[in-house]
Amino acid sequence: MTVFQIKHFFYALVLFSLSACQPSGPSQVGKAADSKVQTAVPQFYKITGSKTLGAELMPALLEGYLAQKGIQLKQKERLSAGNIYSWEQAGKKLRLELLPKGSQAGFSALVAGQAQLAMASKAIDDSLIEKMPELKKEQQLILAYDALRVLVHKEKAGIKNLSKAQLAKIFSGEIKDWAEIDAHFSGPIRLYLRNEHSGSFHFIQNILGTLGAEHKQQENFTYLLRDLANDPNGLAFAPYELPEGLAIYSLQVDGQGANLENKDYLFRRPLYLYLDSLALEDPFWMDFMAFCRSAAGQKIVSQEGFGPLD
């Protein structure tokens, strides 16, 4: 998108990745009023946003980064919705809260100065920028790729393929019964989506248009897939990497199967990181971002079931 010109970010990324990682605490999160605060006081950082990225991939990247640096975690405190990490680096104590709450929550946290890094499964669109003008100061970085699958219960596996036009009519409410798709089947189509705080919801909406049909929203894909596996008339979107043993089937879209590398697959999408503008001045964040885009970081991306950078 033209509002995010990131070439200066990459220059900074190269420069900072060559320097020692010595966090200086640039943002409002945990920022001490006294600039002479003692090094014994932990420096606080926060990552929030997309659950698609934050559930497994971001913890793996953070722990992989620390391992590469030879840094041993002092503590990993599990929260109901995330983790808090504590370690020492360059003579300083650091604490980092990783709290996935959805892409929209990540954008809001950046604007409020409550996080230095937001994870997002969608790009910021113009309507959101108008509501949150401070986001113009943030930096956008593509981390990986995902390919959302169109899923049905295994009893509907014979359908094989849906077109973009059919999906748009289903999610607008124009097509309501499976018999309108294939005469071999019947029953009311029941839809399952992530909630409206999720970048996945808005990504699908941008492609298909208004999602006006009645549908059930879930806060994460685990619950969504459970619902679908128990509903022979269900239809849902879910990430590329699926758990085993569920009674679900992945459909093609316009003759294309879900594929992380196929740029023509309709629901292939980039996954983003958005940095607080002040985080660009912090060697820790720049060093961590360099790791995420390095060969070692991108290997972790692949191992966690996402597509690495092109």
# chains A, B, ... in the order shown; residues from 1 in each chain; ligands from 1
call {"tool": "residues_around", "arguments": {"residues": "Tyr274 in chain A", "least_positions_apart": "2", "cutoff": "7 Å", "atoms": "only C-alpha atoms", "output": "PyMOL selection string"}}
result
chain A and resi 117-119+138-141+272+276
call {"tool": "select_by_dssp", "arguments": {"residues": "range 23-194 of chain A", "states": "strand (DSSP E)", "output": "number ranges by chain"}}
result
A: 43-49, 75-78, 83-89, 92-100, 117-120, 139-147, 149-153, 161-162, 190-194
call {"tool": "write_last_selection", "arguments": {"atoms": "N, CA and C atoms", "output": "short mmCIF file (atom, residue, chain, number, x, y, z; two decimals), in the first residue's frame"}}
result
data_model
loop_
_atom_site.label_atom_id
_atom_site.label_comp_id
_atom_site.auth_asym_id
_atom_site.auth_seq_id
_atom_site.Cartn_x
_atom_site.Cartn_y
_atom_site.Cartn_z
N GLN A 43 13.13 -3.98 31.90
CA GLN A 43 12.59 -3.24 30.76
C GLN A 43 11.39 -4.03 30.21
N PHE A 44 10.26 -3.36 30.04
CA PHE A 44 9.04 -4.04 29.62
C PHE A 44 8.80 -3.83 28.13
N TYR A 45 8.46 -4.91 27.46
CA TYR A 45 8.07 -4.87 26.06
C TYR A 45 6.73 -5.60 25.91
N LYS A 46 6.04 -5.32 24.80
CA LYS A 46 4.77 -6.00 24.56
C LYS A 46 4.54 -6.22 23.07
N ILE A 47 4.10 -7.44 22.75
CA ILE A 47 3.65 -7.81 21.42
C ILE A 47 2.19 -8.24 21.53
N THR A 48 1.33 -7.72 20.67
CA THR A 48 -0.07 -8.14 20.68
C THR A 48 -0.59 -8.15 19.25
N GLY A 49 -1.83 -8.58 19.08
CA GLY A 49 -2.42 -8.61 17.75
C GLY A 49 -2.88 -9.99 17.35
N GLN A 75 12.44 -17.03 32.93
CA GLN A 75 11.08 -17.45 33.28
C GLN A 75 10.18 -17.32 32.06
N LYS A 76 9.26 -18.26 31.91
CA LYS A 76 8.19 -18.17 30.93
C LYS A 76 6.90 -18.40 31.68
N GLU A 77 6.19 -17.33 31.86
CA GLU A 77 4.96 -17.37 32.65
C GLU A 77 3.77 -17.47 31.70
N ARG A 78 3.01 -18.54 31.80
CA ARG A 78 1.87 -18.75 30.91
C ARG A 78 0.65 -18.01 31.44
N ASN A 83 1.76 -15.34 26.95
CA ASN A 83 2.92 -15.65 27.79
C ASN A 83 3.65 -14.37 28.18
N ILE A 84 4.34 -14.44 29.29
CA ILE A 84 5.29 -13.39 29.67
C ILE A 84 6.67 -14.03 29.77
N TYR A 85 7.63 -13.45 29.09
CA TYR A 85 9.00 -13.96 29.05
C TYR A 85 9.92 -13.01 29.84
N SER A 86 10.85 -13.59 30.58
CA SER A 86 11.84 -12.81 31.32
C SER A 86 13.23 -13.34 31.01
N TRP A 87 14.16 -12.43 30.73
CA TRP A 87 15.55 -12.83 30.49
C TRP A 87 16.47 -11.64 30.70
N GLU A 88 17.76 -11.90 30.69
CA GLU A 88 18.76 -10.84 30.80
C GLU A 88 19.54 -10.76 29.50
N GLN A 89 19.79 -9.53 29.05
CA GLN A 89 20.48 -9.33 27.78
C GLN A 89 21.27 -8.02 27.85
N LYS A 92 20.99 -6.10 31.02
CA LYS A 92 19.70 -5.57 31.42
C LYS A 92 18.69 -6.69 31.59
N LYS A 93 17.74 -6.48 32.48
CA LYS A 93 16.64 -7.41 32.66
C LYS A 93 15.50 -7.00 31.74
N LEU A 94 14.97 -7.97 31.05
CA LEU A 94 13.88 -7.71 30.12
C LEU A 94 12.68 -8.58 30.44
N ARG A 95 11.50 -8.01 30.27
CA ARG A 95 10.25 -8.76 30.37
C ARG A 95 9.43 -8.42 29.12
N LEU A 96 8.90 -9.44 28.48
CA LEU A 96 8.12 -9.24 27.26
C LEU A 96 6.80 -9.98 27.39
N GLU A 97 5.72 -9.24 27.18
CA GLU A 97 4.38 -9.84 27.20
C GLU A 97 3.94 -10.10 25.77
N LEU A 98 3.61 -11.34 25.48
CA LEU A 98 3.08 -11.73 24.17
C LEU A 98 1.63 -12.11 24.37
N LEU A 99 0.73 -11.27 23.86
CA LEU A 99 -0.69 -11.43 24.16
C LEU A 99 -1.52 -11.31 22.88
N PRO A 100 -1.76 -12.41 22.17
CA PRO A 100 -2.56 -12.35 20.94
C PRO A 100 -4.03 -12.09 21.25
N LEU A 117 4.99 -3.77 19.16
CA LEU A 117 4.87 -4.59 17.96
C LEU A 117 3.47 -5.18 17.88
N ALA A 118 2.82 -4.99 16.73
CA ALA A 118 1.50 -5.58 16.48
C ALA A 118 1.62 -6.62 15.38
N MET A 119 0.98 -7.76 15.60
CA MET A 119 0.89 -8.82 14.59
C MET A 119 -0.45 -8.67 13.88
N ALA A 120 -0.46 -8.88 12.56
CA ALA A 120 -1.71 -8.68 11.82
C ALA A 120 -1.81 -9.67 10.66
N GLN A 139 5.35 1.26 11.01
CA GLN A 139 6.09 0.62 9.92
C GLN A 139 5.53 -0.78 9.70
N GLN A 140 5.41 -1.15 8.45
CA GLN A 140 4.83 -2.43 8.06
C GLN A 140 5.91 -3.36 7.51
N LEU A 141 5.87 -4.61 7.97
CA LEU A 141 6.84 -5.60 7.54
C LEU A 141 6.13 -6.92 7.28
N ILE A 142 6.31 -7.50 6.11
CA ILE A 142 5.75 -8.83 5.83
C ILE A 142 6.65 -9.88 6.48
N LEU A 143 6.03 -10.76 7.26
CA LEU A 143 6.77 -11.80 7.97
C LEU A 143 6.66 -13.15 7.27
N ALA A 144 5.49 -13.48 6.75
CA ALA A 144 5.24 -14.83 6.23
C ALA A 144 3.99 -14.79 5.36
N TYR A 145 3.61 -15.98 4.86
CA TYR A 145 2.38 -16.10 4.07
C TYR A 145 1.52 -17.23 4.62
N ASP A 146 0.23 -17.05 4.46
CA ASP A 146 -0.74 -18.05 4.87
C ASP A 146 -1.67 -18.29 3.69
N ALA A 147 -2.39 -19.39 3.70
CA ALA A 147 -3.39 -19.68 2.67
C ALA A 147 -4.63 -20.23 3.36
N ARG A 149 -7.93 -22.00 4.01
CA ARG A 149 -8.67 -23.07 3.34
C ARG A 149 -10.18 -22.80 3.44
N VAL A 150 -10.90 -23.22 2.41
CA VAL A 150 -12.36 -23.26 2.47
C VAL A 150 -12.73 -24.69 2.85
N LEU A 151 -13.38 -24.84 3.99
CA LEU A 151 -13.60 -26.16 4.57
C LEU A 151 -15.08 -26.49 4.71
N VAL A 152 -15.37 -27.77 4.51
CA VAL A 152 -16.71 -28.29 4.77
C VAL A 152 -16.57 -29.56 5.61
N HIS A 153 -17.67 -30.03 6.14
CA HIS A 153 -17.69 -31.32 6.81
C HIS A 153 -17.40 -32.40 5.77
N ASN A 161 -15.37 -28.34 -5.24
CA ASN A 161 -14.93 -27.01 -5.66
C ASN A 161 -16.07 -25.99 -5.49
N LEU A 162 -15.70 -24.79 -5.07
CA LEU A 162 -16.62 -23.66 -5.07
C LEU A 162 -15.96 -22.50 -5.81
N ARG A 190 -24.61 -23.67 7.04
CA ARG A 190 -24.29 -22.96 8.28
C ARG A 190 -22.83 -22.51 8.22
N LEU A 191 -22.61 -21.24 8.53
CA LEU A 191 -21.31 -20.61 8.33
C LEU A 191 -20.60 -20.35 9.66
N TYR A 192 -19.27 -20.55 9.63
CA TYR A 192 -18.44 -20.32 10.80
C TYR A 192 -17.27 -19.43 10.42
N LEU A 193 -17.07 -18.34 11.18
CA LEU A 193 -16.01 -17.37 10.91
C LEU A 193 -15.34 -16.95 12.21
N ARG A 194 -14.13 -16.44 12.07
CA ARG A 194 -13.51 -15.76 13.21
C ARG A 194 -14.30 -14.49 13.51
#
call {"tool": "atom_distance", "arguments": {"atom1": "CA of Val301 in chain A", "atom2": "CA of Leu273 in chain A"}}
result
13.5 Å
call {"tool": "residues_around", "arguments": {"residues": "range 226-232 of chain A", "least_positions_apart": "4", "cutoff": "12 Å", "atoms": "only C-alpha atoms", "output": "number ranges by chain"}}
result
A: 150-157, 178, 185-194, 215-218, 220-222, 236-238, 242-250
call {"tool": "closest_residue", "arguments": {"among": "A:Asn195, A:Ser80, A:Gln303, A:Asn206", "to": "Tyr223 in chain A", "atoms": "only C-alpha atoms"}}
result
A:Asn195
call {"tool": "atom_distance", "arguments": {"atom1": "CA of Gly106 in chain A", "atom2": "CA of Gly70 in chain A"}}
result
29.4 Å
call {"tool": "closest_residue", "arguments": {"among": "A:Ala81, A:Ala90, A:Leu62, A:Ala115", "to": "Leu278 in chain A", "atoms": "only C-alpha atoms"}}
result
A:Ala115
call {"tool": "residues_around", "arguments": {"residues": "Lys122 in chain A", "least_positions_apart": "5", "cutoff": "9 Å", "atoms": "only C-alpha atoms", "output": "PyMOL selection string"}}
result
chain A and resi 50+103+198-200+202-203+269-272
call {"tool": "write_last_selection", "arguments": {"atoms": "C-alpha atoms", "output": "PDB file, in the first residue's frame"}}
result
ATOM      1  CA  SER A  50      -3.203 -11.517  15.434  1.00  0.00           C
ATOM      2  CA  SER A 103      -5.342  -7.912  14.527  1.00  0.00           C
ATOM      3  CA  SER A 198      -9.742 -10.837  13.647  1.00  0.00           C
ATOM      4  CA  GLY A 199      -7.779  -9.861  10.558  1.00  0.00           C
ATOM      5  CA  SER A 200      -9.007 -13.100   8.988  1.00  0.00           C
ATOM      6  CA  HIS A 202     -11.732  -8.616   7.369  1.00  0.00           C
ATOM      7  CA  PHE A 203      -9.452 -10.312   4.847  1.00  0.00           C
ATOM      8  CA  ARG A 269      -2.324 -13.713   2.090  1.00  0.00           C
ATOM      9  CA  PRO A 270       0.718 -12.000   3.573  1.00  0.00           C
ATOM     10  CA  LEU A 271       1.010 -11.821   7.355  1.00  0.00           C
ATOM     11  CA  TYR A 272       2.363  -8.607   8.822  1.00  0.00           C
TER      12      TYR A 272
END
call {"tool": "residues_around", "arguments": {"residues": "Phe288 in chain A", "least_positions_apart": "4", "cutoff": "8 Å", "atoms": "only C-alpha atoms", "output": "PDB file with C-alpha atoms, in the first residue's frame"}}
result
ATOM      1  CA  LEU A  62      11.063 -15.271  20.023  1.00  0.00           C
ATOM      2  CA  TYR A  65      15.945 -15.693  18.587  1.00  0.00           C
ATOM      3  CA  PHE A 284      16.420  -5.050  20.393  1.00  0.00           C
ATOM      4  CA  CYS A 292      12.573 -13.022  11.832  1.00  0.00           C
TER       5      CYS A 292
END
call {"tool": "atom_distance", "arguments": {"atom1": "CA of Asp182 in chain A", "atom2": "CA of Gln166 in chain A"}}
result
11.4 Å
call {"tool": "closest_residue", "arguments": {"among": "A:Ser127, A:Met58, A:Leu280, A:Lys137", "to": "Leu110 in chain A", "atoms": "only C-alpha atoms"}}
result
A:Lys137
call {"tool": "closest_residue", "arguments": {"among": "A:Ser294, A:Ala123, A:Leu148, A:Ile175", "to": "Ala258 in chain A", "atoms": "only C-alpha atoms"}}
result
A:Leu148
call {"tool": "residues_around", "arguments": {"residues": "Ala168 in chain A", "least_positions_apart": "6", "cutoff": "9 Å", "atoms": "only C-alpha atoms", "output": "mmCIF file with N, CA and C atoms, in the first residue's frame"}}
result
data_model
loop_
_atom_site.group_PDB
_atom_site.id
_atom_site.type_symbol
_atom_site.label_atom_id
_atom_site.label_comp_id
_atom_site.auth_asym_id
_atom_site.auth_seq_id
_atom_site.Cartn_x
_atom_site.Cartn_y
_atom_site.Cartn_z
ATOM 1 N N GLU A 174 -27.450 -14.963 -0.247
ATOM 2 C CA GLU A 174 -28.239 -15.230 -1.447
ATOM 3 C C GLU A 174 -28.407 -16.729 -1.684
ATOM 4 N N ILE A 175 -27.356 -17.511 -1.452
ATOM 5 C CA ILE A 175 -27.435 -18.971 -1.501
ATOM 6 C C ILE A 175 -27.491 -19.480 -0.065
ATOM 7 N N ILE A 207 -12.424 -9.708 0.135
ATOM 8 C CA ILE A 207 -12.478 -10.494 -1.099
ATOM 9 C C ILE A 207 -13.914 -10.782 -1.528
ATOM 10 N N LEU A 208 -14.763 -11.153 -0.578
ATOM 11 C CA LEU A 208 -16.113 -11.615 -0.915
ATOM 12 C C LEU A 208 -17.179 -10.533 -0.810
ATOM 13 N N GLY A 209 -16.870 -9.434 -0.169
ATOM 14 C CA GLY A 209 -17.881 -8.405 0.046
ATOM 15 C C GLY A 209 -18.569 -8.592 1.390
ATOM 16 N N THR A 210 -19.699 -7.957 1.557
ATOM 17 C CA THR A 210 -20.413 -7.981 2.835
ATOM 18 C C THR A 210 -20.741 -9.407 3.268
ATOM 19 N N LEU A 211 -20.367 -9.723 4.499
ATOM 20 C CA LEU A 211 -20.657 -11.055 5.043
ATOM 21 C C LEU A 211 -21.985 -10.985 5.798
#
